[in-house]
Amino acid sequence: MSARKALGTVDLCFLGTASAQPSSTRNHSSIALRLGGDVWLFDCGEATQHRLQKSMIKMGRIKKIFITHTHGDHIFGLLPLMASIANGAGGMIDDVEDPREQSRNDGDVGGIEVSLRKVSAVVFTSSLRHKPLEIYGPLGTRAYVRTGLTYTHTFLGAPYVVHELRFPTDPPEGYQIGLAHHSYELPNGRNISQVDGVWKGIFEDDAVCVSAAPILHSVPSVGYVIQEAPVPGKIDPQNYIPSIERTKTPMSVMSRLQQGETVTLSDGTVLHGPPRRLGRKIVILGDTYDPSPIADMACSPDLLIHEATNAHLPSIDPTTKHIDTSESVEARAKSRGHSTPQMAGAFATRIGALRLVLNHFSPRYPGNDDVDADARRIMEAIAALAREHFSGEITCARDLMTVEVNLPQPQSTNH
């Protein structure tokens with residue numbers, strides 16, 4: 001477990017909110033979670049880096065990328081983004097020649113081995129200077145990244161590592177693609193097996209823990225749970241200062257009390273710091289027609305992000321088929337591995353979510369509802385469908401929208 005300062009501000013920027021195909025107002029799927037100074041991406045659809053350039057997020061802050069599943073609309077933007085983050089280029093990097101060209105010049109196997117050793121030395125030096133970009137995803141993520149970088153002759157200026165979340169039905173050896181590690185791929189990527197049907201603590205430090213669980217889709221798909229560690233309770237200095245001043249105790253003791261510690265003063269007075277309170281909990285689901293396998297792990301989140309690809313809006317959406325009903329739209333959505341707003345609302349109620357953000361909309365639903373009245377009417381109708389099954393706060397995501405996640409309200413304490 002690594003050390004990290006308290007998270008402070010936590011928010012999510014929706015970089016892409018479309019399903020299947022982008023539209024003029026919605027990009028392919030990607031969400032940026034900002035944890036203090038770091039940024040973690042969840043999915044990385046085509047042109048994610050273009051959306052990043054229009055946002056307030058600094059690309060260099062991206063430390064981890066979590067892929068929910070390997071459908072193209074969730075992963076096609078990963079390789080270009082990696083190249084941009086790490087200043088990638090074909091052929092040359094840090095004055096080390098492409099070993100493929102060097103081997104042609106040397107004309108023998110020894111030549112390429114020498115050149116590869118040169119590149120490996122650069123990778124090792126780079127890994128000392130830079131923490132690797134960490135990528136998490138289901139089986140196929142590693143093969144996709146390694147193959148794409150190799151056959152596009154992309155070298156990177158910093159290392160990366162891929163950790164795969166393995167399903168019980170996955171082949172133990174993974175996908176055998178016949179390619180050696182990319183020159184900037186670190187060899188310590190983990191193959192993480194399920195325990196009791198889930199992946200607990202795939203990443204954890206002093207401030208936050210990430211766990212994952214399968215969710216049902218047309219291909220293996222994953223949902224992620226981000227749990228902040230307990231945070232210091234709210235402290236009222238007036239409950240402590242009189243005793244501290246009376247005993248001439250250094251005022252610096254307040255920092256220990258703020259952390260919830262118990263302090264005994266020189267006259268025997270015992271001061272108890274406020275109890276630590278629950279940190280924030282965020283659940284981010286990929287594509288799914290039934291997220292039941294993650295329900296227990298996802299219970300009581302401050303924020304749930306759930307897809308709502310299809311909706312039945314007969315009086316509002318002009319593309320609605322006259323033969324459709326709510327039941328037929330739901331059946332069609334499920335058959336394609338997706339959900340409706342009602343299904344999202346029902347799951348939010350099931351797990352006791354405080355807030356629900358609907359995401360991953362069909363491209364026929366416009367994403368400019370902040371400036372267009374017709375679009376606003378459609379998105380309000382979609383939210384109303386979810387509200388039939390969920391009484392908490394509901395938001396329909398649009399590209400470049402930011403949603404802040406505040407700490408739960410502290411409970412009153414007595415001293």
# chains A, B, ... in the order shown; residues from 1 in each chain; ligands from 1

call {"tool": "residues_around", "arguments": {"residues": "Ile202 in chain A", "least_positions_apart": "4", "cutoff": "8 Å", "atoms": "only C-alpha atoms", "output": "list in words"}}
result
Ile192, Cys209, Val210, Ser211 and Ala212 of chain A

call {"tool": "write_last_selection", "arguments": {"atoms": "N, CA, C and O atoms", "output": "compact mmCIF listing (two decimals), in the first residue's frame"}}
result
# COMPACT_ATOMS: atom_id res chain seq x y z
N ILE A 192 -5.24 -10.82 -12.44
CA ILE A 192 -5.95 -10.80 -11.16
C ILE A 192 -7.16 -11.72 -11.24
O ILE A 192 -8.09 -11.47 -12.02
N CYS A 209 -9.42 2.97 -2.27
CA CYS A 209 -9.36 1.57 -2.68
C CYS A 209 -10.28 1.37 -3.88
O CYS A 209 -11.40 1.89 -3.90
N VAL A 210 -9.80 0.64 -4.88
CA VAL A 210 -10.60 0.32 -6.06
C VAL A 210 -10.84 -1.18 -6.09
O VAL A 210 -9.90 -1.98 -6.00
N SER A 211 -12.10 -1.55 -6.20
CA SER A 211 -12.49 -2.94 -6.38
C SER A 211 -13.34 -3.04 -7.64
O SER A 211 -13.76 -2.03 -8.20
N ALA A 212 -13.58 -4.25 -8.09
CA ALA A 212 -14.33 -4.44 -9.33
C ALA A 212 -15.15 -5.72 -9.24
O ALA A 212 -14.88 -6.60 -8.41

call {"tool": "select_by_dssp", "arguments": {"residues": "range 149-270 of chain A", "states": "strand (DSSP E or B)", "output": "VMD selection string"}}
result
chain A and resid 154 to 155 160 to 166 185 191 to 193 195 198 to 205 208 to 216 221 to 228 231 262 to 264 270

call {"tool": "residues_around", "arguments": {"residues": "Ser252 in chain A", "least_positions_apart": "4", "cutoff": "12 Å", "atoms": "only C-alpha atoms", "output": "list in words"}}
result
Tyr240, Ile241, Ile244, Glu245, Lys248, Arg256, Leu257, Gln258 and Val263 of chain A

call {"tool": "write_last_selection", "arguments": {"atoms": "N, CA, C and O atoms", "output": "compact mmCIF listing (two decimals), in the first residue's frame"}}
result
# COMPACT_ATOMS: atom_id res chain seq x y z
N TYR A 240 -12.08 21.90 22.76
CA TYR A 240 -10.76 21.45 23.19
C TYR A 240 -9.87 22.58 23.72
O TYR A 240 -9.06 22.37 24.63
N ILE A 241 -9.99 23.77 23.15
CA ILE A 241 -9.05 24.85 23.47
C ILE A 241 -9.01 25.20 24.96
O ILE A 241 -7.92 25.39 25.51
N ILE A 244 -6.79 22.72 26.65
CA ILE A 244 -5.41 22.82 26.16
C ILE A 244 -4.72 24.03 26.76
O ILE A 244 -3.56 23.97 27.22
N GLU A 245 -5.42 25.17 26.80
CA GLU A 245 -4.82 26.38 27.36
C GLU A 245 -4.63 26.27 28.87
O GLU A 245 -3.62 26.74 29.42
N LYS A 248 -1.56 24.39 29.55
CA LYS A 248 -0.40 24.90 28.80
C LYS A 248 0.16 23.85 27.83
O LYS A 248 1.38 23.74 27.63
N ARG A 256 -3.42 16.21 16.16
CA ARG A 256 -3.65 14.81 16.52
C ARG A 256 -5.13 14.56 16.79
O ARG A 256 -5.69 13.54 16.40
N LEU A 257 -5.75 15.52 17.47
CA LEU A 257 -7.19 15.39 17.72
C LEU A 257 -7.98 15.38 16.41
O LEU A 257 -8.95 14.65 16.26
N GLN A 258 -7.56 16.23 15.47
CA GLN A 258 -8.23 16.28 14.16
C GLN A 258 -8.21 14.93 13.48
O GLN A 258 -9.15 14.56 12.75
N VAL A 263 -5.98 12.10 23.35
CA VAL A 263 -4.84 12.79 23.95
C VAL A 263 -5.09 12.96 25.45
O VAL A 263 -6.16 13.43 25.86

call {"tool": "closest_atom_pairs", "arguments": {"of": "range 202-229 of chain A", "to": "range 59-70 of chain A", "cutoff": "12 Å", "atoms": "only C-alpha atoms", "output": "JSON lines"}}
result
{"residue": "A:Ile202", "atom": "CA", "partner": "A:Phe66", "partner_atom": "CA", "distance": 10.9}
{"residue": "A:Phe203", "atom": "CA", "partner": "A:Lys64", "partner_atom": "CA", "distance": 10.2}
{"residue": "A:Val210", "atom": "CA", "partner": "A:Phe66", "partner_atom": "CA", "distance": 10.2}
{"residue": "A:Ser211", "atom": "CA", "partner": "A:Phe66", "partner_atom": "CA", "distance": 11.1}
{"residue": "A:Ala212", "atom": "CA", "partner": "A:Thr68", "partner_atom": "CA", "distance": 9.5}
{"residue": "A:Ala213", "atom": "CA", "partner": "A:Thr68", "partner_atom": "CA", "distance": 10.1}
{"residue": "A:Pro214", "atom": "CA", "partner": "A:Thr68", "partner_atom": "CA", "distance": 9.3}
{"residue": "A:Ile215", "atom": "CA", "partner": "A:Thr68", "partner_atom": "CA", "distance": 9.4}
{"residue": "A:Leu216", "atom": "CA", "partner": "A:His69", "partner_atom": "CA", "distance": 10.9}
{"residue": "A:His217", "atom": "CA", "partner": "A:His69", "partner_atom": "CA", "distance": 9.2}
{"residue": "A:Ser218", "atom": "CA", "partner": "A:His69", "partner_atom": "CA", "distance": 10.0}
{"residue": "A:Val219", "atom": "CA", "partner": "A:His69", "partner_atom": "CA", "distance": 7.4}
{"residue": "A:Pro220", "atom": "CA", "partner": "A:His69", "partner_atom": "CA", "distance": 6.4}
{"residue": "A:Ser221", "atom": "CA", "partner": "A:His69", "partner_atom": "CA", "distance": 4.8}
{"residue": "A:Val222", "atom": "CA", "partner": "A:Thr68", "partner_atom": "CA", "distance": 4.7}
{"residue": "A:Gly223", "atom": "CA", "partner": "A:Thr68", "partner_atom": "CA", "distance": 6.3}
{"residue": "A:Tyr224", "atom": "CA", "partner": "A:Thr68", "partner_atom": "CA", "distance": 7.9}
{"residue": "A:Val225", "atom": "CA", "partner": "A:Phe66", "partner_atom": "CA", "distance": 11.2}
{"residue": "A:Ile226", "atom": "CA", "partner": "A:Phe66", "partner_atom": "CA", "distance": 11.4}

call {"tool": "residues_around", "arguments": {"residues": "Met254 in chain A", "least_positions_apart": "5", "cutoff": "12 Å", "atoms": "only C-alpha atoms", "output": "mmCIF file with C-alpha atoms, in the first residue's frame"}}
result
data_model
loop_
_atom_site.group_PDB
_atom_site.id
_atom_site.type_symbol
_atom_site.label_atom_id
_atom_site.label_comp_id
_atom_site.auth_asym_id
_atom_site.auth_seq_id
_atom_site.Cartn_x
_atom_site.Cartn_y
_atom_site.Cartn_z
ATOM 1 C CA ILE A 235 -13.751 19.196 14.772
ATOM 2 C CA ASP A 236 -15.058 22.053 16.926
ATOM 3 C CA PRO A 237 -11.990 23.759 18.451
ATOM 4 C CA GLN A 238 -14.073 25.256 21.291
ATOM 5 C CA ASN A 239 -14.519 21.769 22.686
ATOM 6 C CA TYR A 240 -10.757 21.449 23.192
ATOM 7 C CA ILE A 241 -9.052 24.847 23.467
ATOM 8 C CA SER A 243 -8.485 22.383 28.354
ATOM 9 C CA ILE A 244 -5.413 22.816 26.159
ATOM 10 C CA GLU A 245 -4.822 26.383 27.362
ATOM 11 C CA THR A 249 -0.338 22.098 26.251
ATOM 12 C CA GLN A 259 -7.053 12.819 13.096
ATOM 13 C CA GLY A 260 -9.344 11.246 15.697
ATOM 14 C CA GLU A 261 -6.641 10.429 18.232
ATOM 15 C CA THR A 262 -7.116 10.408 22.008
ATOM 16 C CA VAL A 263 -4.838 12.786 23.951
ATOM 17 C CA LEU A 271 -9.610 14.530 25.059
ATOM 18 C CA HIS A 272 -11.131 12.398 22.325
ATOM 19 C CA GLY A 273 -10.865 13.571 18.739
ATOM 20 C CA PRO A 274 -13.997 13.324 16.593
#
